[in-house]
Structure formats: C-alpha cells, structure tokens
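*Asks:* Would you mind keeping the following structure in view while I ask a few things?
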Amino acid sequence: MAARTPSVTRRARRPARPRGRRAAAKAATRERITAAALHLFASKGFDATTTRAIAVRARVAEGTVFNYFATKEDIALHFFEQEVDSAIAAVRRNARLRKAPLEEKLFALIQSQIEYLTPYENFIGAAFVQALRPSSTLAFSLRAFALRARYLAFVQELIQESLPRHGANAMAWAAPQAFWIYYLGMLLYWLHDQSPGKQNTLAFLDRSLALGVRMLRKGTLG
Amino acid sequence: MTRRDGPVRRALRMAAMGAGVTGSYLGYMAQSAFLSGDQRAVRLKRAHTRAARRMSDELQALRGPAMKLGQALSLQHGVLPDEMLAELATLQMRAPGMHPALVRAQFTGSMGREPEQVFRSFETTPFAAASLGQVHRATLKNGEPAAVKIQYPGIRDAIKNDFTWFRAISKPAQLSRHLPPDVMDELEAQILAECDYEREAKNIAFFRKGLAPLPFVELPVAHRAYSTDRVLTMSMVRGAHLDDFLARRPSQALRDRVGERLFELFYFQILELHALHADPHWGNYLFGSDGTIGLVDFGCVKYFQAPFVANMRKVFLYAGSRESAHFRQILEERYATSGTRLSRAAVRALARISVEFYGRVYPADPATDGIPFDFADDAVIRDYLRESTRVGRARATLPEYVFLGRAESGLYQTLHRLRARVHTSAIVRKYLR
Ligand SMILES: Nc1ncnc2c1ncn2[C@@H]1O[C@H](COP(=O)(O)OP(=O)(O)O)[C@@H](O)[C@H]1O
C-alpha cells in the first residue's frame with residue numbers, strides 16, 4: 001500500500017527524503033557537488049572558489065550546480081544542515097545517553113559535530129571569517145537562522161528533559177543563546193588546538209560543560 | 001609588565017580561560033612523591049567514598065595550584081606536623097572522572113578505532129581510578145580479560161603549564177632554595193614521563209624480563225597493539241589489595257612470607273636491575289592468597305646509573321663506624337656523581353639516619369642474619385620519617401632520593417601493616433655478593 005503511494009504527494013516544501021531511483025540519483029549529485037565544493041573551499045578558500053571550478057570537480061555542467069544551489073553559501077549551509085542533523089540523530093540513536101547527565105548529552109552532541117567537521121577543518125576556519133561579514137548569507141540568511149533555531153531547540157530539549165524544574169529560572173531561559181556563543185567559542189578553540197588528537201578540546205569541553213551545567217542547576221553564575 | 005610576570009600572567013590567564021581546565025596535577029604528583037603509603041591510602045579511601053562529590057571537588061581544586069605547590073614544599077621539609085600533612089593530603093587531586101562519552105572520544109581519538117572494534121567487549125564504567133585517568137575492564141578478541149588504562153585528555157599540557165608557572169613564581173621567591181632546580185627538573189621529567197603510556201609499556205616489558213628470576217612476582221603483559229601514548233591495554237593481574245588481603249586474617253607465616261618477598265623485590269630491583277618501581281601506592285600491589293605478589297603501574301620507574309648503585313653497595317650493611325672519615329668519604333663520593341657538595345649539616349644528618357635507622361633495621365654483623373626484624377614495631381616508621389625529614393631539611397636531597405625515598409617509605413609502611421618479620425640483612429647480603 002505504502003509502495004503504491006505516488007512520491008509526488010509526499011513532497012513537502014523542503015525536499016523530503018528522496019524516494020526512488022531518480023530521487024536517489026539527484027541526492028547523489030547533490031552530495032557530489034557538496035563534496036567538490038567543500039574540497040575547493042578548504043584548499044582554495046571560499047572566495048576564490050568559482051561555481052565553474054565546483055562544476056568541473058563534480059563532473060557536472062555549471063548550470064546543473066545552479067539547479068541544486070543558488071549560491072556557494074547555499075552549498076555551505078547545506079553542509080552545516082547535514083552536520084547538525086547527523087549530530088542530533090547520533091544523540092537520539094544512543095539509548096544509553098537517554099539516562100546520562102546533561103553534561104554528557106551536550107558533550108556527545110558537540111563531539112559528534114566535531115567528528116563530522118574534522119575532515120573539513122580548513123573550510124570551517126574559512127567559513128568563520130566568511131560568516132563575520134554583515135552581508136554573509138552564511139550567518140544572516142533566513143535559512144541560517146532556521147538552522148540555528150533547530151539546533152538550539154534541540155539543545156533546549158536536552159536541557160528540559162534533564163532539568164525539567166529549572167525551566168523557570170532565568171539561566172535556563174537564556175541558556176540556548178549562551179550555548180550558541182559557547183559553541184562558536186568552542187569551535188575556535190578546536191580550530192587552534194595543536195595537541196595530539198585535539199585532546200585539549202576534549203578536556204576543554206568536558207570541564208566547561210560540567211561547570212556550565214552546574215551553574216544552570218544552581219540558576220546563578222556563582 | 002616585567003618579563004618575569006609574563007609566564008605567570010599567561011598561566012593564570014590560561015587557567016582562567018579554561019586551557020588549564022584539567023587543573024594542577026603537579027601538586028598531586030609532587031606530594032605523592034613525598035607521601036607515605038598509608039597517608040595516600042587514607043586519602044584515597046576518602047576520595048573513593050566521596051566519589052559522588054568528585055566533580056565539584058575537582059572544580060574547587062582548579063582554584064589553587066599555588067596552594068598545592070605550597071603544600072608540596074612544606075611536605076618535603078617536614079615543616080608541618082604529621083596530622084596536618086594527612087589533612088592537606090586529602091586536598092590533593094586526581095584526574096577528573098570521565099563519563100562514557102568522553103572515554104569513547106579519548107579512546108577513539110587516540111586509537112583511531114572505537115573500543116567495540118578493538119575488543120570483544122568493553123565496560124564503559126571504570127573499575128579503578130588512576131592518577132591520570134581511569135582503568136576499564138575489557139575482553140580481547142581472543143577472550144582474554146584485559147585492563148585498559150585511559151588517560152584524561154590534555155594532561156601533558158596541563159602539567160607543562162603548571163611547571164612553567166611554578167618556575168616563574170619560584171624564581172623571585174625563596175622557594176627555589178628549598179626545592180633545588182635539579183630536583184624540580186627530575187620531578188617534571190618523571191611526571192611527564194608518567195603521562196606517556198607507550199613508555200610505560202616499555203617499562204613493563206623491561207621489568208617482566210628483569211623480574212623473571214623472582215617467580216613469586218606477577219606482572220601484566222602490555223598489549224602494544226592496543227595501546228598508544230594515552231591508552232594502555234594490559235593483561236588483568238589478579239590478587240587482592242592490601243586491605244582486603246589483611247581483612248582475610250592471613251597467618252603470621254603468610255604475612256612473613258609476603259613481607260620477605262616484598263623486601264627481596266625491593267633490593268633485587270636496586271642491586272640487580274638498577275631500576276625501581278617507584279610508586280608504592282597500595283593499589284599497585286595485588287596479593288595472592290598463596291603469597292604471590294602482583295605488581296602493576298609502571299608509570300613511575302626510576303633507572304639508576306651504575307656509579308650510584310656501586311656507591312649504594314658500599315653503604316648498605318657498612319660494617320665500620322658510620323661516623324668515620326671513610327664512611328663520610330663514601331657519602332661525598334655519592335653526592336659528587338651529581339655535582340653536589342655536601343654541607344656539614346648534611347653529613348651529620350646522613351650519618352645520623354645511618355646509625356639511628358639503618359644500623360638498627362639492617363644490622364651489619366652477619367652473625368645476626370638469622371634473626372628477623374619485626375616491622376610490627378611502631379617505632380620503625382616514626383624513626384624513618386623523623387630521620388629522613390632531617391636529611392631533607394639539611395638539603396641533602398639528591399634527585400635519585402625523591403623516588404628512592406618514596407618507594408622505600410612505601411615498603412616500610414606495607415611491611416608495618418603486614419606486621420611482617422623479615423630477615424633484612426640476610427636478604428640484602430645475598431644481593432651484595
Ligand atoms: N593490569 C592490571 N590488572 C589489574 N588491576 C590493574 C591493572 N592495571 C591497573 N590496575 C588497577 O588500577 C589502578 C590504577 O592503575 P595505575 O596503573 O596505578 O594508574 P596510575 O599510575 O595512573 O595511578 C591500580 O592501582 C590497580 O588497582
């Protein structure tokens with residue numbers, strides 16, 4: 001019965017999970033373009049990378065790139081959306097984490113984001129600079145806001161399920177916003193971490209999350 | 001800002017930023033070096049009962065590296081009374097505990113594979129705390145049980161920061177006078193070496209081979225294929241910790257046997273191996289009900305130079321007067337090897353410990369070799385601590401002593417708790433030949 005349902009009726013505003021061979025091929029092309037772009041962003045820099053170069057590397061026509069992404073920023077955003085989705089899924093998939101303390105859940109979330117980003121470390125550094133520009137759609141577009149909101153909603157969800165009675169205090173209310181700033185700071189720390197296996201980032205994450213969650217529990221900065 | 005302020009401020013700033021988030025290990029390690037086994041045991045027991053509060057304790061510990069170093073210094077020189085030392089000792093820190101997500105991240109970041117890919121099974125909750133991390137039970141693919149020691153991330157850098165910071169503040173102050181730079185260097189080198197589990201695996205291999213002539217000692221096998229600088233996979237050594245061993249009320253004969261073996265193990269290491277397992281922490285000895293001794297933790301190992309051992313051979317069981325010119329010459333010889341000139345006060349302190357402690361515990365006359373020394377005597381520990389503190393105060397501390405002394409006092413503490421009777425001189429004499 002489900003198999004007979006025409007895939008068209010399933011289409012939402014955002015492209016739904018691809019069904020069928022055609023959709024799979026489209027998804028594969030999208031990923032090929034994304035991978036090619038990321039490789040070039042990392043090696044040549046974001047600005048210096050042209051759509052043409054992306055098309056050549058992805059072995060598609062330049063016009064095809066535009067069928068999938070309107071701008072280079074869109075490609076980058078697509079990558080970050082996938083990064084966030086996969087990290088959220090990883091936390092949700094892990095049954096043991098459900099009963100873990102909040103600091104461990106947040107650790108697992110950020111840790112799986114880092115794992116996702118690791119192959120593209122050079123690009124993340126470049127994206128940071130790019131995102132600082134007032135005109136940057138990477139940071140200031142509707143789509144970027146939506147992504148951040150989705151991510152922070154998940155963080156809020158984790159906080160709520162661990163500290164249900166703390167919802168009312170001011171710290172808990174501001175926590176997701178604070179978490180976003182913390183997350184960006186953590187990424188910078190990670191980018192500059194020269195220690196083997198970036199273990200200083202692990203220590204930094206562990207200690208700072210423990211401290212942060214403690215403050216959240218007490219509802220004060222003290 | 002003067003140049004001297006630079007590293008201090010930098011260290012403080014880094015600590016504030018969280019770069020020094022792992023806190024001060026230096027204080028812990030430095031103190032451990034001068035603490036007796038019993039004091040450590042007390043501290044550890046307390047630490048265990050407070051496991052639930054550990055996280056908050058750790059956070060408090062981040063505040064005072066300065067205080068910890070102060071403690072380390074006062075400990076060494078016996079400036080403070082014993083009870084106070086015991087109290088201060090409880091303030092020491094261990095590596096913070098790691099939750100399973102962090103354990104996984106640190107393991108995978110170091111090994112390149114997940115624990116489940118490497119082992120048949122892996123327990124995410126640790127069965128023992130380690131000074132720099134924690135130890136997990138695992139089963140190898142071939143079914144053998146294993147102990148996997150995993151280090152808390154970023155320890156090395158935290159320790160280096162501590163030392164940079166400490167050197168900076170100790171220069172202008174008078175602290176460096178009390179803790180000579182070469183002792184300081186020795187401490188840093190040893191503590192950093194303890195962070196390298198690959199080195200520890202090499203130590204295990206060295207000791208396994210070297211201790212083979214002592215059939216009553218059981219050592220782990222280091223599985224190098226599943227180890228890195230931060231992860232050490234070993235075979236599981238069986239046996240009970242001293243407390244549990246004693247709780248089963250072992251007979252005097254068994255306690256004597258274990259005591260003699262521990263004692264022989266100590267002198268065999270110095271005189272035959274020229275190397276010493278120098279961490280007398282009670283958790284590192286696992287006693288079998290048949291008198292076997294399991295030895296773990298080869299992080300803190302001291303390798304001696306041949307001239308130092310040769311000199312020890314002359315001092316051990318010295319037959320003449322320990323106040324003679326000849327004995328003094330032997331002592332001066334020993335200190336000359338490390339470029340230290342002995343002060344009058346130092347010579348006096350060394351002669352004194354020789355007469356008051358060693359002469360009594362290790363009678364030189366072979367005719368008395370058949371009479372065992374009874375370590376149940378309370379005075380043994382007291383005398384040893386009093387006299388070795390005097391040596392420290394006279395600033396006669398050699399780098400070698402830091403770890404030799406730590407191991408030696410640990411040995412006496414254990415023998416005392418065992419209430420063992422040991423043929424001290426006979427055993428030493430066996431290896432002097
Ligand atoms: N191979 C082993 N078999 C059994 N127990 C072990 C083994 N290795 C370590 N342990 C236990 O774990 C504790 C901590 O390990 P250890 O090597 O002493 O760490 P650290 O030197 O960092 O303190 C030990 O005191 C011991 O009780």
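Letters A, B, ... go to the chains of the structure tokens in the order shown; residues in each chain start at 1; ligands are counted from 1 in the same order.
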With only C-alpha atoms and all ligand atoms counted, collect every polymer residue having an atom within 9 Å of ligand 1; state the result as number ranges by chain.

*Replies:* B: 94-95, 127-137, 146-151, 194-195, 219-222, 232-241, 279, 281-286, 294-300

*Asks:* Just the residues within 7 Å of region 43-57 of chain A, please, counting only C-alpha atoms, with nothing from its chain fewer than 6 positions along; format it as a list in words.

*Replies:* Ile33, Ala36, Ala37, Val65 and Ala126 of chain A

*Asks:* Kindly assemble as JSON lines a list of the chain A residues that lie within 9 Å of chain B, each paired with its nearest atom pair and their distance in Å to one decimal, using only C-alpha atoms, sorted first by chain and then by ascending residue number.

*Replies:*
{"residue": "A:Leu97", "atom": "CA", "partner": "B:Ala101", "partner_atom": "CA", "distance": 8.6}
{"residue": "A:Ala100", "atom": "CA", "partner": "B:His99", "partner_atom": "CA", "distance": 8.9}
{"residue": "A:Glu104", "atom": "CA", "partner": "B:Ala101", "partner_atom": "CA", "distance": 6.5}
{"residue": "A:Lys105", "atom": "CA", "partner": "B:Ala101", "partner_atom": "CA", "distance": 8.2}
{"residue": "A:Phe107", "atom": "CA", "partner": "B:Ala101", "partner_atom": "CA", "distance": 7.2}
{"residue": "A:Ala108", "atom": "CA", "partner": "B:Ala101", "partner_atom": "CA", "distance": 6.0}
{"residue": "A:Gln111", "atom": "CA", "partner": "B:Ala105", "partner_atom": "CA", "distance": 7.6}
{"residue": "A:Ser195", "atom": "CA", "partner": "B:Gly154", "partner_atom": "CA", "distance": 7.6}
{"residue": "A:Pro196", "atom": "CA", "partner": "B:Ser110", "partner_atom": "CA", "distance": 8.1}
{"residue": "A:Gly197", "atom": "CA", "partner": "B:Gly109", "partner_atom": "CA", "distance": 5.3}
{"residue": "A:Lys198", "atom": "CA", "partner": "B:Gly109", "partner_atom": "CA", "distance": 7.9}
{"residue": "A:Gln199", "atom": "CA", "partner": "B:Pro153", "partner_atom": "CA", "distance": 5.0}
{"residue": "A:Asn200", "atom": "CA", "partner": "B:Gly154", "partner_atom": "CA", "distance": 4.6}
{"residue": "A:Thr201", "atom": "CA", "partner": "B:Gly154", "partner_atom": "CA", "distance": 8.1}
{"residue": "A:Leu202", "atom": "CA", "partner": "B:Pro153", "partner_atom": "CA", "distance": 6.3}
{"residue": "A:Ala203", "atom": "CA", "partner": "B:Pro153", "partner_atom": "CA", "distance": 5.4}
{"residue": "A:Phe204", "atom": "CA", "partner": "B:Val21", "partner_atom": "CA", "distance": 6.2}
{"residue": "A:Asp206", "atom": "CA", "partner": "B:Leu102", "partner_atom": "CA", "distance": 7.5}
{"residue": "A:Arg207", "atom": "CA", "partner": "B:Val21", "partner_atom": "CA", "distance": 6.1}
{"residue": "A:Ser208", "atom": "CA", "partner": "B:Gly18", "partner_atom": "CA", "distance": 7.3}
{"residue": "A:Ala210", "atom": "CA", "partner": "B:Met55", "partner_atom": "CA", "distance": 7.9}
{"residue": "A:Leu211", "atom": "CA", "partner": "B:Leu59", "partner_atom": "CA", "distance": 7.8}
{"residue": "A:Arg214", "atom": "CA", "partner": "B:Ser56", "partner_atom": "CA", "distance": 8.8}

*Asks:* In Å, rounded to a single decimal, give me how far CA of Tyr226 (chain B) is from CA of Ser121 (chain B).

*Replies:*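 So the two atoms, CA of Ser121 (chain B) and CA of Tyr226 (chain B), lie 13.5 Å apart.
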
*Asks:* From the DSSP assignment of the backbone, select every residue of region 222-267 of chain B that is strand (DSSP E), and format the answer as a list in words.

*Replies:*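 Matching residues, listed in order: Val231, Leu232, Thr233, Met234 and Ser235 of chain B.
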
*Asks:* Excluding Met312 (chain B) and any residue of its chain fewer than 4 positions from it, enumerate the residues within 9 Å of it, using only C-alpha atoms, and give them as JSON, numbers by chain.

*Replies:* {"B": [270, 271, 307, 308, 316, 334]}

*Asks:* How many Å separate CA of Ala146 (chain A) from CA of His78 (chain A)?

*Replies:* 12.0 Å

*Asks:* Identify, on the basis of only C-alpha atoms, every residue whose closest approach to Leu109 (chain A) does not exceed 12 Å; exclude the query and any residue fewer than 4 positions from it along the same chain; express the result as a CSV table (one decimal) with all heavy atoms, in the first residue's frame.

*Replies:*
chain,number,residue,atom,x,y,z
A,83,GLU,N,25.4,18.4,8.9
A,83,GLU,CA,26.2,18.2,10.1
A,83,GLU,C,25.3,18.2,11.4
A,83,GLU,O,25.4,17.3,12.2
A,83,GLU,CB,27.2,19.3,10.2
A,83,GLU,CG,28.0,19.4,11.4
A,83,GLU,CD,27.9,20.7,12.2
A,83,GLU,OE1,27.7,21.8,11.5
A,83,GLU,OE2,28.0,20.7,13.4
A,84,VAL,N,24.4,19.2,11.5
A,84,VAL,CA,23.6,19.3,12.6
A,84,VAL,C,22.6,18.1,12.7
A,84,VAL,O,22.4,17.5,13.8
A,84,VAL,CB,22.8,20.7,12.6
A,84,VAL,CG1,21.6,20.6,13.6
A,84,VAL,CG2,23.7,21.8,12.9
A,85,ASP,N,22.0,17.8,11.6
A,85,ASP,CA,21.1,16.6,11.6
A,85,ASP,C,21.7,15.4,12.0
A,85,ASP,O,21.2,14.6,12.8
A,85,ASP,CB,20.5,16.4,10.1
A,85,ASP,CG,19.5,17.5,9.8
A,85,ASP,OD1,19.0,18.2,10.7
A,85,ASP,OD2,19.2,17.7,8.6
A,86,SER,N,23.0,15.1,11.5
A,86,SER,CA,23.6,13.9,11.8
A,86,SER,C,24.0,13.8,13.3
A,86,SER,O,23.9,12.8,14.0
A,86,SER,CB,24.8,13.6,10.9
A,86,SER,OG,26.0,14.0,11.5
A,87,ALA,N,24.4,15.0,13.9
A,87,ALA,CA,24.7,15.0,15.3
A,87,ALA,C,23.5,14.8,16.2
A,87,ALA,O,23.5,14.0,17.2
A,87,ALA,CB,25.4,16.4,15.7
A,88,ILE,N,22.4,15.4,15.8
A,88,ILE,CA,21.1,15.2,16.6
A,88,ILE,C,20.7,13.8,16.5
A,88,ILE,O,20.4,13.1,17.5
A,88,ILE,CB,20.0,16.1,16.0
A,88,ILE,CG1,20.3,17.6,16.3
A,88,ILE,CG2,18.7,15.8,16.6
A,88,ILE,CD1,19.3,18.6,15.8
A,89,ALA,N,20.8,13.2,15.3
A,89,ALA,CA,20.4,11.8,15.1
A,89,ALA,C,21.3,10.9,16.0
A,89,ALA,O,20.9,9.9,16.6
A,89,ALA,CB,20.5,11.4,13.7
A,90,ALA,N,22.6,11.2,16.0
A,90,ALA,CA,23.6,10.4,16.8
A,90,ALA,C,23.2,10.4,18.3
A,90,ALA,O,23.3,9.3,18.9
A,90,ALA,CB,25.0,10.9,16.6
A,91,VAL,N,22.9,11.5,18.8
A,91,VAL,CA,22.5,11.6,20.2
A,91,VAL,C,21.2,10.8,20.5
A,91,VAL,O,21.1,10.1,21.4
A,91,VAL,CB,22.3,13.1,20.7
A,91,VAL,CG1,21.7,13.2,22.1
A,91,VAL,CG2,23.7,13.8,20.6
A,92,ARG,N,20.2,11.0,19.6
A,92,ARG,CA,18.9,10.3,19.7
A,92,ARG,C,19.0,8.8,19.6
A,92,ARG,O,18.3,8.0,20.2
A,92,ARG,CB,17.9,10.9,18.7
A,92,ARG,CG,17.3,12.2,19.1
A,92,ARG,CD,16.6,12.0,20.5
A,92,ARG,NE,16.1,13.3,21.0
A,92,ARG,CZ,16.3,13.6,22.3
A,92,ARG,NH1,16.9,12.8,23.1
A,92,ARG,NH2,15.8,14.7,22.8
A,93,ARG,N,20.0,8.4,18.7
A,93,ARG,CA,20.1,7.0,18.4
A,93,ARG,C,20.7,6.2,19.7
A,93,ARG,O,20.5,5.0,19.8
A,93,ARG,CB,21.1,6.8,17.3
A,93,ARG,CG,20.6,5.9,16.2
A,93,ARG,CD,21.6,5.6,15.1
A,93,ARG,NE,22.9,6.2,15.2
A,93,ARG,CZ,23.4,7.2,14.5
A,93,ARG,NH1,22.6,7.8,13.6
A,93,ARG,NH2,24.6,7.7,14.6
A,94,ASN,N,21.5,6.9,20.4
A,94,ASN,CA,22.2,6.3,21.5
A,94,ASN,C,21.3,6.1,22.8
A,94,ASN,O,21.1,7.1,23.5
A,94,ASN,CB,23.4,7.2,21.9
A,94,ASN,CG,24.4,6.5,22.9
A,94,ASN,OD1,23.9,5.7,23.7
A,94,ASN,ND2,25.6,6.9,22.9
A,97,LEU,N,22.5,7.1,26.3
A,97,LEU,CA,22.6,8.6,26.6
A,97,LEU,C,21.3,9.1,27.2
A,97,LEU,O,21.3,10.1,27.9
A,97,LEU,CB,22.9,9.4,25.3
A,97,LEU,CG,24.3,9.6,25.0
A,97,LEU,CD1,24.4,10.5,23.7
A,97,LEU,CD2,25.1,10.4,26.1
A,102,LEU,N,23.1,15.7,31.9
A,102,LEU,CA,23.0,16.7,30.8
A,102,LEU,C,24.4,17.0,30.2
A,102,LEU,O,24.5,17.1,29.0
A,102,LEU,CB,22.4,18.0,31.4
A,102,LEU,CG,22.3,19.2,30.4
A,102,LEU,CD1,21.5,18.8,29.1
A,102,LEU,CD2,21.7,20.4,31.1
A,103,GLU,N,25.4,17.1,31.0
A,103,GLU,CA,26.7,17.5,30.5
A,103,GLU,C,27.2,16.4,29.5
A,103,GLU,O,27.9,16.7,28.6
A,103,GLU,CB,27.8,17.7,31.6
A,103,GLU,CG,27.9,16.7,32.7
A,103,GLU,CD,27.0,16.9,33.9
A,103,GLU,OE1,25.8,17.3,33.6
A,103,GLU,OE2,27.4,16.6,35.0
A,104,GLU,N,26.9,15.2,29.8
A,104,GLU,CA,27.3,14.1,28.9
A,104,GLU,C,26.6,14.2,27.5
A,104,GLU,O,27.1,14.0,26.5
A,104,GLU,CB,27.2,12.7,29.5
A,104,GLU,CG,27.8,11.7,28.7
A,104,GLU,CD,27.8,10.3,29.3
A,104,GLU,OE1,27.4,10.2,30.5
A,104,GLU,OE2,28.1,9.3,28.6
A,105,LYS,N,25.3,14.5,27.6
A,105,LYS,CA,24.5,14.6,26.4
A,105,LYS,C,25.0,15.7,25.5
A,105,LYS,O,25.2,15.6,24.3
A,105,LYS,CB,23.0,14.9,26.7
A,105,LYS,CG,22.3,13.7,27.3
A,105,LYS,CD,20.9,14.1,27.6
A,105,LYS,CE,20.1,13.0,28.4
A,105,LYS,NZ,18.9,13.5,28.9
A,113,GLN,N,29.4,16.5,16.3
A,113,GLN,CA,29.5,17.6,15.3
A,113,GLN,C,31.0,17.7,14.9
A,113,GLN,O,31.3,17.8,13.7
A,113,GLN,CB,29.0,18.9,15.9
A,113,GLN,CG,27.5,19.0,16.1
A,113,GLN,CD,27.1,20.3,16.8
A,113,GLN,OE1,27.1,20.5,18.0
A,113,GLN,NE2,26.9,21.3,15.9
A,114,ILE,N,31.9,17.7,15.9
A,114,ILE,CA,33.3,17.8,15.6
A,114,ILE,C,33.8,16.7,14.7
A,114,ILE,O,34.5,16.9,13.8
A,114,ILE,CB,34.1,17.9,16.9
A,114,ILE,CG1,33.9,19.2,17.7
A,114,ILE,CG2,35.6,17.7,16.6
A,114,ILE,CD1,34.6,19.3,19.0
A,115,GLU,N,33.3,15.5,15.0
A,115,GLU,CA,33.7,14.4,14.2
A,115,GLU,C,33.3,14.6,12.7
A,115,GLU,O,34.0,14.3,11.8
A,115,GLU,CB,33.1,13.1,14.7
A,115,GLU,CG,34.0,12.3,15.7
A,115,GLU,CD,33.3,11.2,16.4
A,115,GLU,OE1,32.4,10.6,15.8
A,115,GLU,OE2,33.7,10.8,17.5
A,116,TYR,N,32.1,15.2,12.6
A,116,TYR,CA,31.6,15.4,11.2
A,116,TYR,C,32.4,16.5,10.5
A,116,TYR,O,32.7,16.4,9.3
A,116,TYR,CB,30.1,15.9,11.3
A,116,TYR,CG,29.4,15.8,10.0
A,116,TYR,CD1,28.5,14.7,9.7
A,116,TYR,CD2,29.5,16.8,9.1
A,116,TYR,CE1,27.9,14.6,8.6
A,116,TYR,CE2,28.8,16.7,7.9
A,116,TYR,CZ,28.0,15.6,7.6
A,116,TYR,OH,27.3,15.6,6.4
A,151,TYR,N,18.9,23.8,15.8
A,151,TYR,CA,19.9,23.3,16.7
A,151,TYR,C,19.7,23.6,18.1
A,151,TYR,O,19.7,22.8,19.0
A,151,TYR,CB,21.3,23.8,16.2
A,151,TYR,CG,22.5,23.5,17.0
A,151,TYR,CD1,22.9,22.1,17.1
A,151,TYR,CD2,23.2,24.5,17.6
A,151,TYR,CE1,24.0,21.8,17.9
A,151,TYR,CE2,24.4,24.1,18.4
A,151,TYR,CZ,24.7,22.8,18.5
A,151,TYR,OH,25.9,22.5,19.2
A,152,LEU,N,19.4,24.9,18.3
A,152,LEU,CA,19.2,25.4,19.7
A,152,LEU,C,17.9,24.8,20.3
A,152,LEU,O,17.9,24.6,21.5
A,152,LEU,CB,19.2,26.9,19.8
A,152,LEU,CG,20.6,27.5,19.4
A,152,LEU,CD1,20.6,29.0,19.5
A,152,LEU,CD2,21.7,27.0,20.3
A,154,PHE,N,16.9,21.9,19.9
A,154,PHE,CA,17.3,20.5,20.4
A,154,PHE,C,18.1,20.6,21.7
A,154,PHE,O,17.9,19.8,22.6
A,154,PHE,CB,18.2,19.8,19.3
A,154,PHE,CG,18.6,18.4,19.7
A,154,PHE,CD1,17.6,17.4,19.9
A,154,PHE,CD2,19.9,18.1,19.9
A,154,PHE,CE1,18.0,16.2,20.3
A,154,PHE,CE2,20.3,16.9,20.3
A,154,PHE,CZ,19.4,15.9,20.5
A,155,VAL,N,19.0,21.6,21.7
A,155,VAL,CA,19.7,21.9,23.0
A,155,VAL,C,18.8,22.1,24.1
A,155,VAL,O,18.9,21.6,25.2
A,155,VAL,CB,20.7,23.0,22.8
A,155,VAL,CG1,21.3,23.4,24.2
A,155,VAL,CG2,21.8,22.7,21.9
A,158,LEU,N,17.1,19.0,25.3
A,158,LEU,CA,18.0,18.2,26.2
A,158,LEU,C,18.0,18.8,27.6
A,158,LEU,O,18.0,18.1,28.6
A,158,LEU,CB,19.4,18.2,25.6
A,158,LEU,CG,19.7,17.4,24.3
A,158,LEU,CD1,21.1,17.5,23.9
A,158,LEU,CD2,19.3,15.9,24.5
A,183,TYR,N,29.3,27.5,21.9
A,183,TYR,CA,29.6,26.6,20.8
A,183,TYR,C,30.6,27.2,19.8
A,183,TYR,O,31.5,26.6,19.3
A,183,TYR,CB,28.3,26.2,20.1
A,183,TYR,CG,28.5,25.3,18.8
A,183,TYR,CD1,29.0,24.0,19.0
A,183,TYR,CD2,28.3,25.9,17.6
A,183,TYR,CE1,29.2,23.3,17.8
A,183,TYR,CE2,28.6,25.1,16.4
A,183,TYR,CZ,29.0,23.8,16.6
A,183,TYR,OH,29.3,23.1,15.5
A,205,LEU,N,36.0,20.9,26.6
A,205,LEU,CA,34.6,20.6,26.5
A,205,LEU,C,34.1,20.0,27.8
A,205,LEU,O,33.1,20.4,28.4
A,205,LEU,CB,34.4,19.6,25.4
A,205,LEU,CG,33.9,20.0,24.1
A,205,LEU,CD1,33.7,18.8,23.2
A,205,LEU,CD2,32.6,20.8,24.2
A,209,LEU,N,31.7,22.2,30.2
A,209,LEU,CA,30.3,21.7,30.2
A,209,LEU,C,29.9,21.4,31.7
A,209,LEU,O,28.8,21.7,32.1
A,209,LEU,CB,30.0,20.5,29.3
A,209,LEU,CG,30.0,20.8,27.8
A,209,LEU,CD1,29.9,19.6,27.0
A,209,LEU,CD2,28.8,21.7,27.5
B,101,ALA,N,30.9,9.0,27.3
B,101,ALA,CA,31.1,9.7,26.0
B,101,ALA,C,32.5,10.2,25.9
B,101,ALA,O,33.1,10.2,24.8
B,101,ALA,CB,30.1,10.8,25.9
B,102,LEU,N,33.1,10.7,27.0
B,102,LEU,CA,34.5,11.2,26.9
B,102,LEU,C,35.5,10.1,26.8
B,102,LEU,O,36.4,10.2,26.0
B,102,LEU,CB,34.7,12.1,28.2
B,102,LEU,CG,36.2,12.7,28.3
B,102,LEU,CD1,36.5,13.5,27.0
B,102,LEU,CD2,36.3,13.5,29.5
B,105,ALA,N,35.5,9.1,23.2
B,105,ALA,CA,36.1,10.2,22.4
B,105,ALA,C,37.7,10.1,22.5
B,105,ALA,O,38.4,10.1,21.5
B,105,ALA,CB,35.6,11.5,22.7

*Asks:* Check the DSSP output for the backbone and give back, as a PyMOL selection string, the residues of region 89-303 of chain B in alpha helix (DSSP H).

*Replies:* chain B and resi 89+100-111+115-118+155-170+175-178+181-194+197-210+242-247+252-268
